[in-house]
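Visitor: Let me begin by handing over the structure; questions about it come next.
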Amino acid sequence: MTSADVLMAMEQVRRAAVRTPMVSSAAFDSLVGRRVWVKDESKQLTGSFKFRGAYYALATATSDQRAAGFIAGSSGNHAQALALAALHHHTTATVVIPSDAPTSKRVALDALGAQIITYDRHRDRRDALVQQIAHHTGRTAIPSSNHHAVIAGAGTVAWEMIQEVPDLAALFVPIGGGGLAAGSVLAALGHNPHLRVIGVEPATANDTHRSLRAGRLTPIPPPDTIADGLRHTEPALLPFEIIKPLIHDVVTVPEAAIASAMAYLWRHYSTTAEPSGAVALAGLLQATDRLPAGPVGVVVSGGNVDWPNYRTLLDTAMEIERNTDAAPVLH
């Protein structure tokens, strides 16, 4: 895959997806000592960047595939994206989601008319279950990351950022399966090969970090993290092969830093980010002293979070601020 794949995806994705805002905060810029641009994909259709890849995957599918319908395994966001993309393309979607997926995501899937099948993330092999159902029903599986069109569609997030701020020095993106990171490095390569793309994942879900250092896919046990969309045990193969030679670095962040990043986004950008969506900002806060001069882009990948969980995490972040000697937060 090349940057041309992302450009081709852009032609299709712009027909349906929202061109989400790039927002900045003078107070936050002062706090970190550099200009920061936040790409707010919580404002995207279905509340996350995933709609871009799902829509493009179905746009490039055959008429026979659309007639039979589609299936995907997902923590929730890709499932919602596929369900809405199916409505746009006049087809149907079955989604396989973890039994502990946030209630907000299940409610959204019901509203979109998706057929829901649940699994136990600690006991069941999700991808094997998806393939089994696809085989018996004739549906086409659309992986959340390991798919050329999904990667290209995800890359349109970075493409839009680069169009609006051509002099970005670094771009922070969350890493789960790796589709967004892979699409981002392809978009960056087509614009400026010196643009640093930095992936961020929870310290407890560091499968990509470990795999890159080992030079091969390195599985980890099912991770425990508040970032439910990043609970992967192994990177997807296709994204991993793309990012392995191209990504500048992958940093890992502790759970408290993710909660704090959610609070920063709420306070400074009026953005309600789910934990997975706030991970990239947490990475910036950890790595800001190691970056080259120039503006920095941060992808907030989604905002689908249950209100009780969101409120609890913000309270946790505020308590950490009150009980540490960290730099004060500017209001």
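Numbering starts fresh at 1 for the residues of each chain in the structure tokens, the chains themselves are lettered A, B, ... in the order given, and ligands are numbered from 1 as they appear.
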When DSSP works through the backbone of this structure, what residues of range 33-265 of chain A end up as alpha helix (DSSP H), shown as a ChimeraX atom specification?
Guide: /A:50-59,63-68,77-88,103-111,126-137,148-164,179-191,207-214,237-243,255-265
Visitor: Hey, which bits of range 209-291 of chain A sit within 10 Å of range 23-34 of chain A, and for each residue what's the closest pair of atoms and how far apart in Å (one decimal), counting only C-alpha atoms, rows by chain and increasing number, as a tab-separated table?
Guide:
```
residue	atom	partner	partner_atom	distance
A:Tyr264	CA	A:Phe28	CA	8.2
A:Leu265	CA	A:Phe28	CA	9.4
A:Arg267	CA	A:Phe28	CA	9.4
A:His268	CA	A:Ser25	CA	6.1
A:Tyr269	CA	A:Ser25	CA	6.5
A:Ser270	CA	A:Val23	CA	9.7
A:Thr271	CA	A:Val23	CA	9.7
A:Leu284	CA	A:Val32	CA	9.0
A:Leu285	CA	A:Val32	CA	7.3
A:Thr288	CA	A:Val32	CA	7.1
A:Asp289	CA	A:Val32	CA	8.8
A:Leu291	CA	A:Arg34	CA	9.9
```
Visitor: How about saving the chosen residues, N, CA, C and O atoms kept, as a short mmCIF file (atom, residue, chain, number, x, y, z; two decimals), in the first residue's frame?
Guide:
```cif
data_model
loop_
_atom_site.label_atom_id
_atom_site.label_comp_id
_atom_site.auth_asym_id
_atom_site.auth_seq_id
_atom_site.Cartn_x
_atom_site.Cartn_y
_atom_site.Cartn_z
N TYR A 264 -8.01 16.71 30.37
CA TYR A 264 -7.45 17.81 29.58
C TYR A 264 -8.32 18.10 28.36
O TYR A 264 -8.58 19.26 28.02
N LEU A 265 -8.76 17.07 27.68
CA LEU A 265 -9.57 17.26 26.47
C LEU A 265 -10.91 17.89 26.81
O LEU A 265 -11.41 18.75 26.07
N ARG A 267 -11.50 19.82 29.48
CA ARG A 267 -11.29 21.17 30.00
C ARG A 267 -10.87 22.16 28.91
O ARG A 267 -11.36 23.28 28.85
N HIS A 268 -9.93 21.75 28.07
CA HIS A 268 -9.33 22.68 27.12
C HIS A 268 -9.94 22.67 25.72
O HIS A 268 -9.81 23.65 24.98
N TYR A 269 -10.58 21.55 25.36
CA TYR A 269 -11.09 21.44 24.00
C TYR A 269 -12.58 21.15 23.93
O TYR A 269 -13.12 20.97 22.84
N SER A 270 -13.25 21.10 25.08
CA SER A 270 -14.68 20.78 25.14
C SER A 270 -14.99 19.49 24.39
O SER A 270 -15.99 19.37 23.69
N THR A 271 -14.09 18.52 24.53
CA THR A 271 -14.20 17.24 23.82
C THR A 271 -14.41 16.11 24.82
O THR A 271 -13.63 15.96 25.76
N LEU A 284 1.42 12.39 23.93
CA LEU A 284 2.06 13.69 23.70
C LEU A 284 2.58 14.26 25.01
O LEU A 284 3.72 14.76 25.08
N LEU A 285 1.77 14.21 26.05
CA LEU A 285 2.19 14.76 27.34
C LEU A 285 3.43 14.04 27.87
O LEU A 285 4.25 14.65 28.55
N THR A 288 6.57 15.07 24.98
CA THR A 288 6.69 16.41 24.40
C THR A 288 8.12 16.94 24.39
O THR A 288 8.51 17.67 23.47
N ASP A 289 8.92 16.57 25.38
CA ASP A 289 10.30 17.08 25.44
C ASP A 289 11.21 16.45 24.40
O ASP A 289 12.32 16.95 24.18
N LEU A 291 10.35 15.94 21.15
CA LEU A 291 9.84 16.22 19.81
C LEU A 291 10.60 17.35 19.13
O LEU A 291 11.14 18.23 19.80
#
```
Visitor: Might you pull out every residue within 9 Å of range 78-87 of chain A, with only C-alpha atoms counted and same-chain residues fewer than 3 positions away left off, and present them as a PyMOL selection string?
Guide: chain A and resi 45-59+66+69-75+90-97+105-106+108-109+112-115+142-144
Visitor: How many Å separate CA of Ile133 in chain A from CA of Thr60 in chain A?
Guide: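 That distance, rounded to one decimal, is 21.9 Å.
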Visitor: As a PyMOL selection string, please: the residues near Leu281 in chain A (cut-off 8 Å, only C-alpha atoms, same-chain neighbours under 2 positions excluded).
Guide: chain A and resi 172+261+278-279+283-285+298-300
Visitor: Take the residues just selected and output them with N, CA, C and O atoms as a PDB file, in the first residue's frame.
Guide:
```pdb
ATOM      1  N   PHE A 172       0.476  12.261  16.640  1.00  0.00           N
ATOM      2  CA  PHE A 172       0.244  11.208  17.620  1.00  0.00           C
ATOM      3  C   PHE A 172      -1.085  10.519  17.332  1.00  0.00           C
ATOM      4  O   PHE A 172      -2.118  11.190  17.199  1.00  0.00           O
ATOM      5  N   ALA A 261      -5.627  12.650  30.463  1.00  0.00           N
ATOM      6  CA  ALA A 261      -5.790  13.171  29.105  1.00  0.00           C
ATOM      7  C   ALA A 261      -7.263  13.413  28.788  1.00  0.00           C
ATOM      8  O   ALA A 261      -7.608  14.396  28.111  1.00  0.00           O
ATOM      9  N   ALA A 278      -8.461   9.162  24.036  1.00  0.00           N
ATOM     10  CA  ALA A 278      -7.590  10.119  24.721  1.00  0.00           C
ATOM     11  C   ALA A 278      -6.147   9.660  24.808  1.00  0.00           C
ATOM     12  O   ALA A 278      -5.265  10.429  25.221  1.00  0.00           O
ATOM     13  N   VAL A 279      -5.876   8.420  24.413  1.00  0.00           N
ATOM     14  CA  VAL A 279      -4.539   7.846  24.580  1.00  0.00           C
ATOM     15  C   VAL A 279      -3.467   8.655  23.851  1.00  0.00           C
ATOM     16  O   VAL A 279      -2.355   8.839  24.367  1.00  0.00           O
ATOM     17  N   GLY A 283       0.042  10.330  25.254  1.00  0.00           N
ATOM     18  CA  GLY A 283       1.374  10.102  24.693  1.00  0.00           C
ATOM     19  C   GLY A 283       2.121  11.382  24.426  1.00  0.00           C
ATOM     20  O   GLY A 283       3.337  11.475  24.681  1.00  0.00           O
ATOM     21  N   LEU A 284       1.419  12.391  23.925  1.00  0.00           N
ATOM     22  CA  LEU A 284       2.057  13.691  23.702  1.00  0.00           C
ATOM     23  C   LEU A 284       2.584  14.264  25.009  1.00  0.00           C
ATOM     24  O   LEU A 284       3.717  14.757  25.084  1.00  0.00           O
ATOM     25  N   LEU A 285       1.767  14.214  26.052  1.00  0.00           N
ATOM     26  CA  LEU A 285       2.188  14.760  27.340  1.00  0.00           C
ATOM     27  C   LEU A 285       3.429  14.045  27.871  1.00  0.00           C
ATOM     28  O   LEU A 285       4.253  14.654  28.549  1.00  0.00           O
ATOM     29  N   VAL A 298      -2.708  15.698  17.117  1.00  0.00           N
ATOM     30  CA  VAL A 298      -3.148  14.616  17.996  1.00  0.00           C
ATOM     31  C   VAL A 298      -4.510  14.140  17.513  1.00  0.00           C
ATOM     32  O   VAL A 298      -5.425  14.947  17.322  1.00  0.00           O
ATOM     33  N   VAL A 299      -4.651  12.846  17.308  1.00  0.00           N
ATOM     34  CA  VAL A 299      -5.930  12.285  16.899  1.00  0.00           C
ATOM     35  C   VAL A 299      -6.706  11.817  18.121  1.00  0.00           C
ATOM     36  O   VAL A 299      -6.238  10.946  18.860  1.00  0.00           O
ATOM     37  N   VAL A 300      -7.862  12.427  18.347  1.00  0.00           N
ATOM     38  CA  VAL A 300      -8.822  11.901  19.320  1.00  0.00           C
ATOM     39  C   VAL A 300      -9.720  10.968  18.524  1.00  0.00           C
ATOM     40  O   VAL A 300     -10.566  11.408  17.755  1.00  0.00           O
TER      41      VAL A 300
END
```
Visitor: Using only C-alpha atoms, find the one residue out of A:Ile243, A:Val173, A:Ala61, A:Val130 that sits nearest to Val157 in chain A.
Guide: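 Using only C-alpha atoms, the shortest distance to Val157 in chain A belongs to A:Val173.
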Visitor: Would you please extract all strand (DSSP E) residues from range 173-223 of chain A, as assigned by DSSP on the backbone, and give them as number ranges by chain?
Guide: A: 173-174, 196-202
Visitor: So that I can check the surroundings of His194 in chain A, please list as a list in words every protein, DNA and RNA residue that reaches within 10 Å of it, counting only C-alpha atoms and ignoring chain neighbours fewer than 3 positions away.
Guide: Leu168, Ala169, Ala170, Ala188, Leu189, His191, Val197 and His248 of chain A
Visitor: Using Å and a single decimal, report how far CA of Trp159 in chain A sits from CA of Leu217 in chain A.
Guide: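 Interatomic distance, CA of Leu217 in chain A to CA of Trp159 in chain A: 27.4 Å.
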Visitor: What lies within 9 Å of Leu230 in chain A using only C-alpha atoms, ignoring chain neighbours under 6 positions off, as a ChimeraX atom specification?
Guide: /A:75,174-177,201-202,205,223,276
Visitor: Kindly indicate which residue among A:Arg35, A:His122, A:Arg19, A:His148 lies nearest to Asp5 in chain A, using only C-alpha atoms for the distances.
Guide: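 For Asp5 in chain A, the nearest of the candidates is A:His148.
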Visitor: Just give me the gap between CA of Gly215 in chain A and CA of Asn77 in chain A in Å, one decimal is fine.
Guide: 28.9 Å
